>>> print(open('data24.cif').read())   # mmCIF, C-alpha atoms
data_coords
loop_
_atom_site.label_atom_id
_atom_site.label_comp_id
_atom_site.auth_asym_id
_atom_site.auth_seq_id
_atom_site.Cartn_x
_atom_site.Cartn_y
_atom_site.Cartn_z
CA MET T 93 102.58 110.43 108.00
CA ALA T 94 99.15 109.28 109.20
CA GLU T 95 97.04 111.66 111.30
CA VAL T 96 94.78 109.55 113.52
CA LEU T 97 92.51 111.33 116.00
CA PRO T 98 89.55 110.72 118.30
CA PHE T 99 86.22 112.04 117.03
CA GLU T 100 82.97 113.49 118.34
CA ALA T 101 80.85 110.46 117.55
CA LEU T 102 77.22 110.27 116.65
CA HIS T 103 76.12 107.00 118.23
CA TYR T 104 73.10 105.10 119.44
CA ASP T 105 71.64 105.43 122.91
CA LEU T 106 71.44 101.72 123.59
CA GLY T 107 69.01 102.30 126.43
CA LYS T 108 66.61 103.85 123.93
CA VAL T 109 67.05 101.48 120.96
CA GLY T 110 67.36 98.31 123.06
CA SER T 111 70.77 96.90 122.11
CA LEU T 112 73.56 97.10 119.59
CA GLU T 113 72.32 93.72 118.33
CA ALA T 114 69.11 95.42 117.16
CA VAL T 115 70.67 98.32 115.29
CA ALA T 116 74.04 97.21 113.82
CA SER T 117 74.07 96.00 110.22
CA PRO T 118 76.50 94.48 107.73
CA PRO T 119 78.24 96.88 105.31
CA TYR T 120 75.82 98.29 102.75
CA ASP T 121 77.46 96.57 99.78
CA VAL T 122 76.67 93.02 100.95
CA ILE T 123 72.96 93.59 101.73
CA ASP T 124 70.15 92.60 99.37
CA ALA T 125 66.51 93.72 99.56
CA ALA T 126 65.41 90.72 101.64
CA GLU T 127 68.15 91.21 104.22
CA ARG T 128 67.44 94.93 104.37
CA ALA T 129 63.82 94.21 105.18
CA ALA T 130 64.83 91.68 107.85
CA LEU T 131 67.18 94.19 109.50
CA LEU T 132 64.47 96.86 109.61
CA ALA T 133 62.07 94.31 111.09
CA ARG T 134 64.62 93.84 113.87
CA SER T 135 64.46 97.56 114.69
CA PRO T 136 63.25 100.70 112.87
CA TYR T 137 66.48 102.28 114.15
CA ASN T 138 68.68 99.76 112.34
CA ALA T 139 71.64 101.43 110.63
CA VAL T 140 70.66 99.95 107.28
CA ALA T 141 67.88 102.55 107.07
CA ILE T 142 70.45 105.34 106.75
CA ASP T 143 73.43 103.53 105.22
CA LEU T 144 71.37 101.86 102.50
CA PRO T 145 68.53 104.39 102.26
CA VAL T 146 66.28 102.85 99.65
CA PRO T 147 62.68 103.24 100.78
CA PHE T 148 61.03 100.24 99.14
CA ASP T 149 57.37 100.16 98.22
CA PRO T 150 56.10 96.69 99.29
CA ALA T 151 53.43 96.81 96.59
CA ASP T 152 56.09 97.17 93.91
CA PRO T 153 57.51 93.72 92.99
CA ASP T 154 60.55 95.38 91.41
CA HIS T 155 61.29 97.32 94.60
CA GLU T 156 61.76 100.65 92.86
CA PRO T 157 62.84 103.44 95.24
CA GLN T 158 60.27 106.07 96.12
CA GLY T 159 61.52 109.65 96.52
CA ASP T 160 65.04 110.86 97.31
CA PRO T 161 66.76 108.16 99.41
CA TYR T 162 69.61 110.44 100.51
CA ALA T 163 67.27 113.13 101.80
CA GLU T 164 65.37 110.33 103.52
CA ALA T 165 68.55 109.21 105.29
CA ALA T 166 69.27 112.73 106.51
CA LYS T 167 65.67 113.10 107.69
CA ARG T 168 65.88 109.84 109.63
CA ILE T 169 69.07 110.92 111.40
CA GLU T 170 67.42 114.17 112.50
CA GLN T 171 64.34 112.26 113.60
CA TRP T 172 66.37 109.72 115.61
CA LEU T 173 68.29 112.56 117.27
CA ALA T 174 65.02 114.22 118.25
CA GLU T 175 63.66 110.95 119.61
CA GLY T 176 66.83 110.20 121.55
CA GLY T 177 67.73 107.10 119.57
CA LEU T 178 70.94 108.82 118.47
CA VAL T 179 73.23 110.99 120.60
CA GLN T 180 75.81 113.47 119.28
CA ASP T 181 78.85 113.60 121.56
CA GLU T 182 80.47 116.95 122.29
CA GLU T 183 83.70 115.34 123.52
CA ALA T 184 85.99 113.24 121.31
CA SER T 185 86.55 109.54 121.87
CA LEU T 186 88.14 106.47 120.34
CA TRP T 187 86.37 103.12 120.19
CA ALA T 188 88.10 99.81 120.94
CA LEU T 189 86.76 96.82 119.01
CA THR T 190 87.24 93.07 119.39
CA GLN T 191 85.90 90.50 116.93
CA ASP T 192 85.85 86.86 118.07
CA TYR T 193 85.23 84.73 115.01
CA THR T 194 85.43 81.32 113.40
CA ALA T 195 87.27 81.66 110.11
CA PRO T 196 86.16 79.98 106.87
CA ASP T 197 88.82 77.32 107.50
CA GLY T 198 87.25 76.49 110.89
CA ALA T 199 89.96 78.08 113.08
CA GLU T 200 88.98 80.45 115.90
CA HIS T 201 90.55 83.90 116.20
CA SER T 202 90.14 87.24 117.95
CA ARG T 203 90.89 90.37 115.91
CA HIS T 204 91.38 93.79 117.48
CA GLY T 205 90.81 97.28 116.15
CA VAL T 206 90.34 100.96 116.95
CA LEU T 207 87.70 103.23 115.43
CA ALA T 208 89.12 106.70 114.80
CA ARG T 209 88.99 109.56 112.35
CA VAL T 210 91.90 109.73 109.92
CA ARG T 211 93.04 112.64 107.79
CA VAL T 212 92.32 111.94 104.12
CA GLU T 213 95.45 111.90 101.97
CA ASP T 214 96.16 111.32 98.31
CA TYR T 215 97.75 107.96 97.65
CA GLU T 216 100.84 109.67 96.25
CA SER T 217 101.78 110.84 99.74
CA GLY T 218 102.43 107.23 100.72
CA GLY T 219 100.81 107.45 104.16
CA ILE T 220 97.59 105.73 103.09
CA ARG T 221 97.71 103.11 100.36
CA PRO T 222 95.23 100.91 98.51
CA HIS T 223 96.32 97.29 98.55
CA GLU T 224 94.65 96.22 95.31
CA ARG T 225 93.14 97.64 92.16
CA THR T 226 89.41 98.08 92.59
CA HIS T 227 86.48 97.60 90.28
CA PRO T 228 84.67 100.83 89.36
CA GLY T 229 82.44 101.41 92.36
CA PRO T 230 79.33 103.27 93.44
CA LEU T 231 81.20 106.52 94.14
CA VAL T 232 78.26 108.76 93.20
CA ASP T 233 75.94 106.88 95.57
CA ARG T 234 78.28 107.20 98.58
CA LEU T 235 79.08 110.82 97.73
CA GLU T 236 75.40 111.76 97.60
CA LEU T 237 74.86 110.05 100.95
CA THR T 238 77.77 111.94 102.54
CA ARG T 239 76.53 115.26 101.17
CA ALA T 240 73.01 114.70 102.47
CA THR T 241 73.78 113.33 105.93
CA GLY T 242 77.08 115.00 106.81
CA TYR T 243 78.44 111.77 108.31
CA ASN T 244 80.71 108.83 107.51
CA LEU T 245 78.29 106.02 108.31
CA SER T 246 80.33 102.93 107.47
CA PRO T 247 83.99 102.60 108.57
CA ILE T 248 86.84 101.82 106.21
CA PHE T 249 88.83 98.78 107.39
CA SER T 250 92.55 99.55 107.26
CA LEU T 251 95.74 97.84 108.40
CA ALA T 252 98.32 99.86 110.29
CA SER T 253 102.06 99.22 110.21
CA GLU T 254 102.07 100.20 113.92
CA ASP T 255 99.57 98.46 116.21
CA PRO T 256 97.39 100.82 118.32
CA TRP T 257 95.60 98.04 120.22
CA PRO T 258 97.94 97.76 123.25
CA LEU T 259 97.22 101.44 123.98
CA VAL T 260 93.42 101.05 124.10
CA GLU T 261 93.01 97.46 125.29
CA PRO T 262 90.25 97.40 127.94
CA ALA T 263 90.96 96.02 131.39
CA PRO T 264 90.15 92.29 131.66
CA GLY T 265 86.51 91.77 132.52
CA SER T 266 85.50 95.36 131.82
CA GLU T 267 81.97 95.70 130.49
CA PRO T 268 81.78 96.64 126.80
CA TRP T 269 79.66 99.58 125.67
CA GLY T 270 77.85 97.27 123.26
CA GLU T 271 77.93 93.77 121.81
CA VAL T 272 76.51 92.22 118.63
CA THR T 273 76.86 88.85 116.91
CA ASP T 274 76.73 89.09 113.12
CA ALA T 275 75.24 86.62 110.64
CA ASP T 276 78.58 84.75 110.38
CA GLY T 277 78.71 84.22 114.13
CA THR T 278 81.36 86.88 114.80
CA VAL T 279 80.98 88.37 118.27
CA ASN T 280 81.72 92.10 118.10
CA ARG T 281 82.39 93.99 121.34
CA LEU T 282 82.92 97.74 121.55
CA TRP T 283 84.37 99.98 124.29
CA LYS T 284 84.25 103.78 124.29
CA ILE T 285 87.66 105.27 125.20
CA ASP T 286 87.39 108.79 126.65
CA ASP T 287 90.87 109.22 128.18
CA PRO T 288 92.74 112.11 126.43
CA ALA T 289 96.08 110.58 127.41
CA VAL T 290 95.18 107.40 125.52
CA HIS T 291 94.05 109.50 122.56
CA GLN T 292 97.39 111.29 122.44
CA ALA T 293 99.33 108.04 122.74
CA VAL T 294 97.44 106.52 119.79
CA THR T 295 97.96 109.64 117.68
CA GLU T 296 101.68 109.64 118.44
CA ARG T 297 102.14 105.91 117.79
CA LEU T 298 100.42 106.08 114.41
CA ALA T 299 101.97 109.36 113.30
CA GLY T 300 104.71 107.53 111.40
CA ALA T 301 102.61 104.55 110.36
CA GLN T 302 101.48 103.54 106.90
CA LEU T 303 97.80 102.66 106.61
CA LEU T 304 96.80 100.02 104.09
CA ILE T 305 93.16 100.00 103.01
CA ALA T 306 91.92 96.42 103.31
CA ASP T 307 88.18 96.89 102.76
CA GLY T 308 86.40 100.07 101.73
CA HIS T 309 88.41 101.46 98.81
CA HIS T 310 85.27 103.03 97.33
CA ARG T 311 84.43 104.70 100.63
CA TYR T 312 87.93 106.17 100.73
CA GLU T 313 87.58 107.45 97.16
CA THR T 314 84.32 109.07 98.30
CA ALA T 315 86.12 110.71 101.22
CA ARG T 316 88.76 112.12 98.85
CA ALA T 317 86.09 113.44 96.48
CA PHE T 318 84.13 115.05 99.34
CA ARG T 319 87.28 116.66 100.75
CA ASP T 320 88.14 118.17 97.37
CA GLU T 321 84.55 119.27 96.75
CA VAL T 322 84.25 121.20 100.02
CA GLY T 323 87.82 122.53 100.11
CA GLY T 324 89.71 124.23 102.91
CA GLU T 325 90.20 122.90 106.41
CA GLY T 326 87.54 121.25 108.52
CA ALA T 327 85.92 117.97 109.52
CA HIS T 328 85.52 117.03 105.84
CA ASN T 329 89.28 116.41 105.70
CA TYR T 330 88.84 113.29 107.83
CA THR T 331 87.15 109.93 107.40
CA LEU T 332 86.10 107.08 109.68
CA MET T 333 88.40 104.05 109.87
CA ALA T 334 88.66 100.83 111.85
CA LEU T 335 92.40 100.29 112.30
CA THR T 336 93.96 96.89 112.94
CA GLY T 337 97.69 96.36 113.34
CA LEU T 338 99.40 94.33 110.63
CA ASP T 339 100.93 92.28 113.44
CA ASP T 340 97.61 91.60 115.17
CA PRO T 341 97.50 87.83 115.89
CA GLY T 342 93.84 87.68 114.91
CA LEU T 343 94.38 89.16 111.44
CA THR T 344 93.76 86.55 108.75
CA VAL T 345 93.56 86.77 104.97
CA PHE T 346 91.62 84.37 102.75
CA PRO T 347 91.62 83.93 98.98
CA THR T 348 89.01 84.90 96.44
CA HIS T 349 88.63 82.27 93.72
CA ARG T 350 88.08 82.90 90.00
CA LEU T 351 85.33 81.59 87.74
CA LEU T 352 85.55 81.82 83.96
CA SER T 353 82.77 81.66 81.42
CA LEU T 354 83.91 80.99 77.87
CA GLY T 355 80.48 81.58 76.35
CA GLY T 356 80.65 78.53 74.09
CA ASP T 357 83.60 80.04 72.20
CA GLU T 358 85.49 77.00 70.91
CA ASP T 359 88.59 79.05 70.04
CA LYS T 360 88.82 80.28 73.65
CA GLN T 361 88.33 76.75 74.89
CA ARG T 362 91.22 75.50 72.74
CA ARG T 363 93.50 78.40 73.74
CA LEU T 364 92.75 77.92 77.43
CA GLY T 365 93.14 74.14 77.41
CA GLY T 366 96.31 74.09 75.32
CA GLY T 367 97.82 77.08 77.10
CA ILE T 368 97.32 75.64 80.57
CA ARG T 369 99.14 72.47 79.52
CA GLU T 370 102.09 74.58 78.33
CA LEU T 371 102.20 76.95 81.29
CA PHE T 372 101.56 74.55 84.15
CA GLU T 373 102.39 71.09 85.34
CA ALA T 374 98.92 69.58 85.82
CA THR T 375 98.14 66.65 88.12
CA GLU T 376 94.67 65.19 88.40
CA VAL T 377 93.37 65.19 92.00
CA ALA T 378 90.18 64.25 93.77
CA THR T 379 87.67 67.11 93.90
CA GLU T 380 87.91 67.25 97.69
CA GLU T 381 91.67 67.85 97.31
CA ILE T 382 91.37 70.77 94.88
CA ASP T 383 92.17 73.46 97.46
CA PRO T 384 95.91 74.33 97.17
CA ALA T 385 96.08 76.08 100.58
CA GLY T 386 99.31 75.11 102.32
CA GLU T 387 101.08 74.09 99.11
CA GLU T 388 104.59 75.49 98.64
CA GLY T 389 105.95 77.03 95.47
CA VAL T 390 105.25 79.82 93.01
CA GLY T 391 101.99 79.79 91.05
CA VAL T 392 100.08 76.85 92.54
CA PHE T 393 96.34 76.59 91.84
CA GLY T 394 93.43 74.22 91.94
CA LEU T 395 91.42 73.94 88.74
CA TYR T 396 88.06 72.35 88.04
CA ASP T 397 86.87 71.85 84.47
CA ARG T 398 83.08 71.61 84.27
CA HIS T 399 83.13 70.00 80.83
CA HIS T 400 85.36 67.08 81.88
CA ARG T 401 84.16 67.06 85.53
CA THR T 402 87.81 66.81 86.59
CA ALA T 403 89.91 68.55 89.24
CA TYR T 404 93.61 69.34 88.83
CA ARG T 405 96.54 70.74 90.80
CA LEU T 406 98.44 73.25 88.68
CA ARG T 407 102.06 74.27 89.28
CA LEU T 408 103.76 76.97 87.25
CA ALA T 409 106.25 75.36 84.87
CA ASP T 410 109.87 76.55 84.82
CA GLN T 411 109.65 77.85 81.25
CA ALA T 412 106.47 79.76 82.13
CA ARG T 413 108.22 81.48 85.03
CA ALA T 414 110.74 82.95 82.61
CA GLU T 415 107.88 84.21 80.40
CA LEU T 416 106.13 85.64 83.47
CA ASP T 417 109.25 87.56 84.49
CA ARG T 418 109.51 88.95 80.97
CA LEU T 419 105.88 90.11 80.97
CA LEU T 420 106.16 91.61 84.45
CA ALA T 421 109.61 93.13 83.98
CA GLY T 422 109.96 96.14 86.23
CA LYS T 423 107.36 94.89 88.71
CA PRO T 424 108.55 94.18 92.26
CA GLU T 425 109.46 90.60 93.19
CA ALA T 426 106.59 90.31 95.71
CA TYR T 427 104.11 91.18 92.95
CA ARG T 428 105.63 88.80 90.38
CA ARG T 429 105.24 85.90 92.83
CA LEU T 430 101.61 86.75 93.68
CA ASP T 431 99.18 84.02 92.59
CA SER T 432 96.48 86.48 91.47
CA ALA T 433 99.04 88.42 89.38
CA ILE T 434 100.32 85.20 87.79
CA LEU T 435 96.80 84.10 86.91
CA GLU T 436 95.84 87.52 85.57
CA THR T 437 99.01 87.90 83.49
CA LEU T 438 99.34 84.42 81.98
CA VAL T 439 95.74 83.21 81.81
CA LEU T 440 93.26 86.10 81.81
CA LYS T 441 95.30 88.56 79.77
CA GLY T 442 97.53 86.02 78.04
CA LEU T 443 95.47 83.01 77.01
CA LEU T 444 92.05 84.69 77.03
CA GLU T 445 93.25 88.11 75.83
CA MET T 446 91.20 89.98 78.43
CA SER T 447 91.86 93.70 78.91
CA ASP T 448 91.93 95.59 82.19
CA GLU T 449 88.49 96.91 81.24
CA ASP T 450 87.21 93.34 80.70
CA ILE T 451 88.52 92.36 84.13
CA ASP T 452 87.05 95.45 85.81
CA ALA T 453 83.68 94.83 84.15
CA ARG T 454 83.83 91.08 84.98
CA ARG T 455 83.19 90.07 81.37
CA GLY T 456 83.24 86.29 81.57
CA LEU T 457 84.75 86.54 85.07
CA GLU T 458 83.26 86.09 88.52
CA TYR T 459 84.56 85.58 92.05
CA ALA T 460 83.80 83.20 94.93
CA LYS T 461 84.90 83.36 98.56
CA SER T 462 84.94 79.62 99.23
CA VAL T 463 85.73 76.44 97.34
CA PRO T 464 82.17 75.05 97.72
CA GLU T 465 80.77 78.34 96.39
CA ALA T 466 83.16 78.25 93.43
CA LEU T 467 82.22 74.69 92.51
CA ALA T 468 78.52 75.45 92.91
CA GLN T 469 78.85 78.39 90.50
CA LEU T 470 79.95 75.98 87.78
CA GLU T 471 76.34 74.84 87.63
CA ASN T 472 75.32 78.45 86.83
CA GLY T 473 76.99 78.84 83.46
CA TYR T 474 80.68 79.04 84.34
CA ASP T 475 83.11 76.65 82.70
CA VAL T 476 86.28 76.71 84.80
CA ALA T 477 87.07 77.44 88.44
CA PHE T 478 90.55 78.48 89.56
CA VAL T 479 91.05 77.90 93.28
CA LEU T 480 93.68 80.19 94.83
CA ARG T 481 95.79 80.08 97.99
CA PRO T 482 95.51 82.80 100.65
CA VAL T 483 98.06 85.62 100.38
CA PRO T 484 100.41 85.62 103.39
CA ILE T 485 100.32 88.81 105.44
CA GLU T 486 104.05 89.19 104.77
CA GLN T 487 103.37 89.31 101.03
CA VAL T 488 100.54 91.82 101.51
CA ARG T 489 102.98 93.98 103.44
CA ALA T 490 105.74 93.55 100.82
CA VAL T 491 103.49 94.55 97.90
CA ALA T 492 102.08 97.47 99.90
CA ALA T 493 105.63 98.76 100.44
CA THR T 494 105.95 99.24 96.67
CA ASP T 495 104.01 101.45 94.26
CA GLU T 496 102.21 98.41 92.85
CA ASN T 497 98.64 97.37 93.69
CA MET T 498 97.41 93.79 93.65
CA PRO T 499 94.89 92.68 91.02
CA PRO T 500 91.22 93.03 92.03
CA LYS T 501 89.96 90.56 94.64
CA SER T 502 93.42 89.27 95.54
CA THR T 503 92.44 89.09 99.20
CA TYR T 504 89.38 88.43 101.33
CA PHE T 505 89.61 89.91 104.81
CA PHE T 506 87.26 88.24 107.28
CA PRO T 507 85.26 89.24 109.27
CA LYS T 508 83.70 92.46 108.00
CA VAL T 509 83.45 95.53 110.23
CA MET T 510 79.77 96.23 110.86
CA THR T 511 77.95 99.54 110.42
CA GLY T 512 76.28 101.24 113.37
CA PHE T 513 79.03 101.25 115.98
CA ALA T 514 79.68 105.01 115.69
CA PHE T 515 79.30 107.63 112.96
CA ASN T 516 81.83 110.39 112.16
CA PRO T 517 80.66 113.95 111.42
CA VAL T 518 82.26 115.51 108.33
CA ARG T 519 80.84 119.02 108.60
#
>>> encode(input="data24.cif", output="structure tokens")
Amino acid sequence: MAEVLPFEALHYDLGKVGSLEAVASPPYDVIDAAERAALLARSPYNAVAIDLPVPFDPADPDHEPQGDPYAEAAKRIEQWLAEGGLVQDEEASLWALTQDYTAPDGAEHSRHGVLARVRVEDYESGGIRPHERTHPGPLVDRLELTRATGYNLSPIFSLASEDPWPLVEPAPGSEPWGEVTDADGTVNRLWKIDDPAVHQAVTERLAGAQLLIADGHHRYETARAFRDEVGGEGAHNYTLMALTGLDDPGLTVFPTHRLLSLGGDEDKQRRLGGGIRELFEATEVATEEIDPAGEEGVGVFGLYDRHHRTAYRLRLADQARAELDRLLAGKPEAYRRLDSAILETLVLKGLLEMSDEDIDARRGLEYAKSVPEALAQLENGYDVAFVLRPVPIEQVRAVAATDENMPPKSTYFFPKVMTGFAFNPVR
């Protein structure tokens, strides 16, 4: 059971700060120091100042933080409230979101979502599920920020088995509350929904839904930790989510590719080269044909070998499928046919003898979100690139329906949900 409710939002007064374009920012975990400075140059009210509260000293070339960044974030929120840049609503609302974007494959889409507060549950309850194993994340950082500010600042992007969008969809031509185009060219439009009847309809529709966390696992872990730390009932039992229906026509999933560094270890090189020839049927292809997207079959990859400067199409051999089923005995069928699970089981853990800890710590392992990026990384010390296919939404749904989680970075959901649309009070 998912409890999805409207919330008394803390949000910008766009008349005071100028526009949503000036104050919205990407999620904190994709921002470097240069981009942070550029966002603050756009507006001193930019959300990055509170969501990534690292007050840099320009005279310090290493950009060491000065003072307590979390206390600084809380101080800024109070200051912006006093100045009128932020407004704290007394009445609850939902927020309807559209994202018109050009995907990495060049296709144009429009994705829809609803910003709401959602009761925090333990995964064991089954109402809210992670969709993949996550790398150890900056839980302490996000927890300190929540303690200091008393707000969820950055929404968790989740997929709902029931679609709330038809209940909140704005009338055609209605003026959005705010609009911002992000660095990837995604046009984000936001409408504030005040109608209590709509709120109730959304709550009722999603009451029996399962929510699948697509992006923001670490933020959800923070919400669970904060709930347990405070205890009892109250606003701290809820967290901010952007909810998109699993059936939304604008929902797309893209792959995350793998890069391996063998560190000059000749034994690893022999094991990897010989093992791939045993596990896969390999066909040499032109580099521009390395992407296996659209290929049918189980366990199909592109591979580029930096040493030989050669691209291949790999297909899981019949005898390897039997070995895979033996190694993954007891795992659900949807998981055993997942490209990232096949690669992790047979190559990373099998041929290269990597442990879960090695994979979590990215020892000799890196990720890339596009084929050009993956190939470019081979010039930065990596030896082999594995190019993966996107995971179909149906397979995401099938794995989520089990107790199994996908390997880390099995999916890449695009576009990101920006920070600065609305903030959720947790005390």
>>> resolve_selection(input="data24.cif", expression="the PyMOL selection byres ((chain T and resi 341) around 9)", output="list in words")
His201, Ser202, Arg203, His204, Gly337, Leu338, Asp339, Asp340, Gly342, Leu343 and Thr344 of chain T
>>> resolve_selection(input="data24.cif", expression="the PyMOL selection byres ((chain T and resi 482) around 9)", output="ChimeraX atom specification")
/T:345-348,385-386,431,480-481,483-484,502-504
>>> write_last_selection(input="data24.cif", atoms="C-alpha atoms", output="PDB file, in the coordinates of the input")
ATOM      1  CA  VAL T 345      93.560  86.770 104.970  1.00  0.00           C
ATOM      2  CA  PHE T 346      91.620  84.370 102.750  1.00  0.00           C
ATOM      3  CA  PRO T 347      91.620  83.930  98.980  1.00  0.00           C
ATOM      4  CA  THR T 348      89.010  84.900  96.440  1.00  0.00           C
ATOM      5  CA  ALA T 385      96.080  76.080 100.580  1.00  0.00           C
ATOM      6  CA  GLY T 386      99.310  75.110 102.320  1.00  0.00           C
ATOM      7  CA  ASP T 431      99.180  84.020  92.590  1.00  0.00           C
ATOM      8  CA  LEU T 480      93.680  80.190  94.830  1.00  0.00           C
ATOM      9  CA  ARG T 481      95.790  80.080  97.990  1.00  0.00           C
ATOM     10  CA  VAL T 483      98.060  85.620 100.380  1.00  0.00           C
ATOM     11  CA  PRO T 484     100.410  85.620 103.390  1.00  0.00           C
ATOM     12  CA  SER T 502      93.420  89.270  95.540  1.00  0.00           C
ATOM     13  CA  THR T 503      92.440  89.090  99.200  1.00  0.00           C
ATOM     14  CA  TYR T 504      89.380  88.430 101.330  1.00  0.00           C
TER      15      TYR T 504
END
>>> residues_around(input="data24.cif", residues="Asn329 in chain T", least_positions_apart="6", cutoff="10 Å", atoms="all atoms listed in the file", output="PDB file with C-alpha atoms, keeping the file's coordinate frame")
ATOM      1  CA  ARG T 209      88.990 109.560 112.350  1.00  0.00           C
ATOM      2  CA  VAL T 210      91.900 109.730 109.920  1.00  0.00           C
ATOM      3  CA  ARG T 211      93.040 112.640 107.790  1.00  0.00           C
ATOM      4  CA  VAL T 212      92.320 111.940 104.120  1.00  0.00           C
ATOM      5  CA  GLU T 213      95.450 111.900 101.970  1.00  0.00           C
ATOM      6  CA  ALA T 315      86.120 110.710 101.220  1.00  0.00           C
ATOM      7  CA  ARG T 316      88.760 112.120  98.850  1.00  0.00           C
ATOM      8  CA  PHE T 318      84.130 115.050  99.340  1.00  0.00           C
ATOM      9  CA  ARG T 319      87.280 116.660 100.750  1.00  0.00           C
ATOM     10  CA  ASP T 320      88.140 118.170  97.370  1.00  0.00           C
ATOM     11  CA  VAL T 322      84.250 121.200 100.020  1.00  0.00           C
ATOM     12  CA  GLY T 323      87.820 122.530 100.110  1.00  0.00           C
ATOM     13  CA  VAL T 518      82.260 115.510 108.330  1.00  0.00           C
ATOM     14  CA  ARG T 519      80.840 119.020 108.600  1.00  0.00           C
TER      15      ARG T 519
END
>>> closest_residue(input="data24.cif", among="T:Asp274, T:Glu471, T:Glu458, T:Glu425", to="Glu113 in chain T", atoms="all atoms listed in the file")
T:Asp274
>>> closest_residue(input="data24.cif", among="T:Pro222, T:Pro118, T:Pro424, T:Gly391", to="Leu251 in chain T", atoms="all atoms listed in the file")
T:Pro222
>>> closest_residue(input="data24.cif", among="T:Asp105, T:Glu370, T:Asp233, T:Glu261", to="Leu438 in chain T", atoms="only C-alpha atoms")
T:Glu370
>>> atom_distance(input="data24.cif", atom1="CA of Ile248 in chain T", atom2="CA of Asp160 in chain T")
25.2 Å
>>> resolve_selection(input="data24.cif", expression="the PyMOL selection byres ((chain T and resi 465) around 12)", output="list in words")
Pro196, Thr348, His349, Arg350, Leu351, Glu458, Tyr459, Ala460, Lys461, Ser462, Val463, Pro464, Ala466, Leu467, Ala468, Gln469, Leu470, Glu471, Asn472, Ala477, Phe478 and Val479 of chain T
>>> write_last_selection(input="data24.cif", atoms="C-alpha atoms", output="PDB file, in the frame of the given file")
ATOM      1  CA  PRO T 196      86.160  79.980 106.870  1.00  0.00           C
ATOM      2  CA  THR T 348      89.010  84.900  96.440  1.00  0.00           C
ATOM      3  CA  HIS T 349      88.630  82.270  93.720  1.00  0.00           C
ATOM      4  CA  ARG T 350      88.080  82.900  90.000  1.00  0.00           C
ATOM      5  CA  LEU T 351      85.330  81.590  87.740  1.00  0.00           C
ATOM      6  CA  GLU T 458      83.260  86.090  88.520  1.00  0.00           C
ATOM      7  CA  TYR T 459      84.560  85.580  92.050  1.00  0.00           C
ATOM      8  CA  ALA T 460      83.800  83.200  94.930  1.00  0.00           C
ATOM      9  CA  LYS T 461      84.900  83.360  98.560  1.00  0.00           C
ATOM     10  CA  SER T 462      84.940  79.620  99.230  1.00  0.00           C
ATOM     11  CA  VAL T 463      85.730  76.440  97.340  1.00  0.00           C
ATOM     12  CA  PRO T 464      82.170  75.050  97.720  1.00  0.00           C
ATOM     13  CA  ALA T 466      83.160  78.250  93.430  1.00  0.00           C
ATOM     14  CA  LEU T 467      82.220  74.690  92.510  1.00  0.00           C
ATOM     15  CA  ALA T 468      78.520  75.450  92.910  1.00  0.00           C
ATOM     16  CA  GLN T 469      78.850  78.390  90.500  1.00  0.00           C
ATOM     17  CA  LEU T 470      79.950  75.980  87.780  1.00  0.00           C
ATOM     18  CA  GLU T 471      76.340  74.840  87.630  1.00  0.00           C
ATOM     19  CA  ASN T 472      75.320  78.450  86.830  1.00  0.00           C
ATOM     20  CA  ALA T 477      87.070  77.440  88.440  1.00  0.00           C
ATOM     21  CA  PHE T 478      90.550  78.480  89.560  1.00  0.00           C
ATOM     22  CA  VAL T 479      91.050  77.900  93.280  1.00  0.00           C
TER      23      VAL T 479
END
>>> closest_residue(input="data24.cif", among="T:Leu303, T:Leu364, T:Leu207, T:Ala166", to="Leu237 in chain T", atoms="only C-alpha atoms")
T:Ala166
>>> residues_near_point(input="data24.cif", point="(92.4, 107.6, 93.8)", cutoff="8 Å", atoms="all atoms listed in the file", output="list in words")
Asp214, Tyr215, Glu313 and Arg316 of chain T
>>> decode(input="data24.cif", residues="range 382-401 of chain T", atoms="C-alpha atoms", output="PDB file, in the first residue's frame")
ATOM      1  CA  ILE T 382      29.072  -1.664 -31.985  1.00  0.00           C
ATOM      2  CA  ASP T 383      25.799  -0.604 -30.339  1.00  0.00           C
ATOM      3  CA  PRO T 384      23.605  -3.733 -29.895  1.00  0.00           C
ATOM      4  CA  ALA T 385      20.372  -1.750 -29.317  1.00  0.00           C
ATOM      5  CA  GLY T 386      17.521  -3.435 -31.170  1.00  0.00           C
ATOM      6  CA  GLU T 387      19.251  -6.813 -31.379  1.00  0.00           C
ATOM      7  CA  GLU T 388      17.148  -9.816 -30.366  1.00  0.00           C
ATOM      8  CA  GLY T 389      18.268 -12.644 -28.119  1.00  0.00           C
ATOM      9  CA  VAL T 390      19.627 -13.279 -24.637  1.00  0.00           C
ATOM     10  CA  GLY T 391      22.982 -11.790 -23.657  1.00  0.00           C
ATOM     11  CA  VAL T 392      23.896  -9.605 -26.637  1.00  0.00           C
ATOM     12  CA  PHE T 393      26.653  -7.002 -26.194  1.00  0.00           C
ATOM     13  CA  GLY T 394      29.002  -4.773 -28.087  1.00  0.00           C
ATOM     14  CA  LEU T 395      32.657  -5.027 -27.119  1.00  0.00           C
ATOM     15  CA  TYR T 396      35.619  -2.832 -27.981  1.00  0.00           C
ATOM     16  CA  ASP T 397      39.154  -3.989 -27.209  1.00  0.00           C
ATOM     17  CA  ARG T 398      41.550  -1.045 -26.893  1.00  0.00           C
ATOM     18  CA  HIS T 399      44.634  -3.214 -27.365  1.00  0.00           C
ATOM     19  CA  HIS T 400      43.508  -4.638 -30.724  1.00  0.00           C
ATOM     20  CA  ARG T 401      41.443  -1.553 -31.710  1.00  0.00           C
TER      21      ARG T 401
END
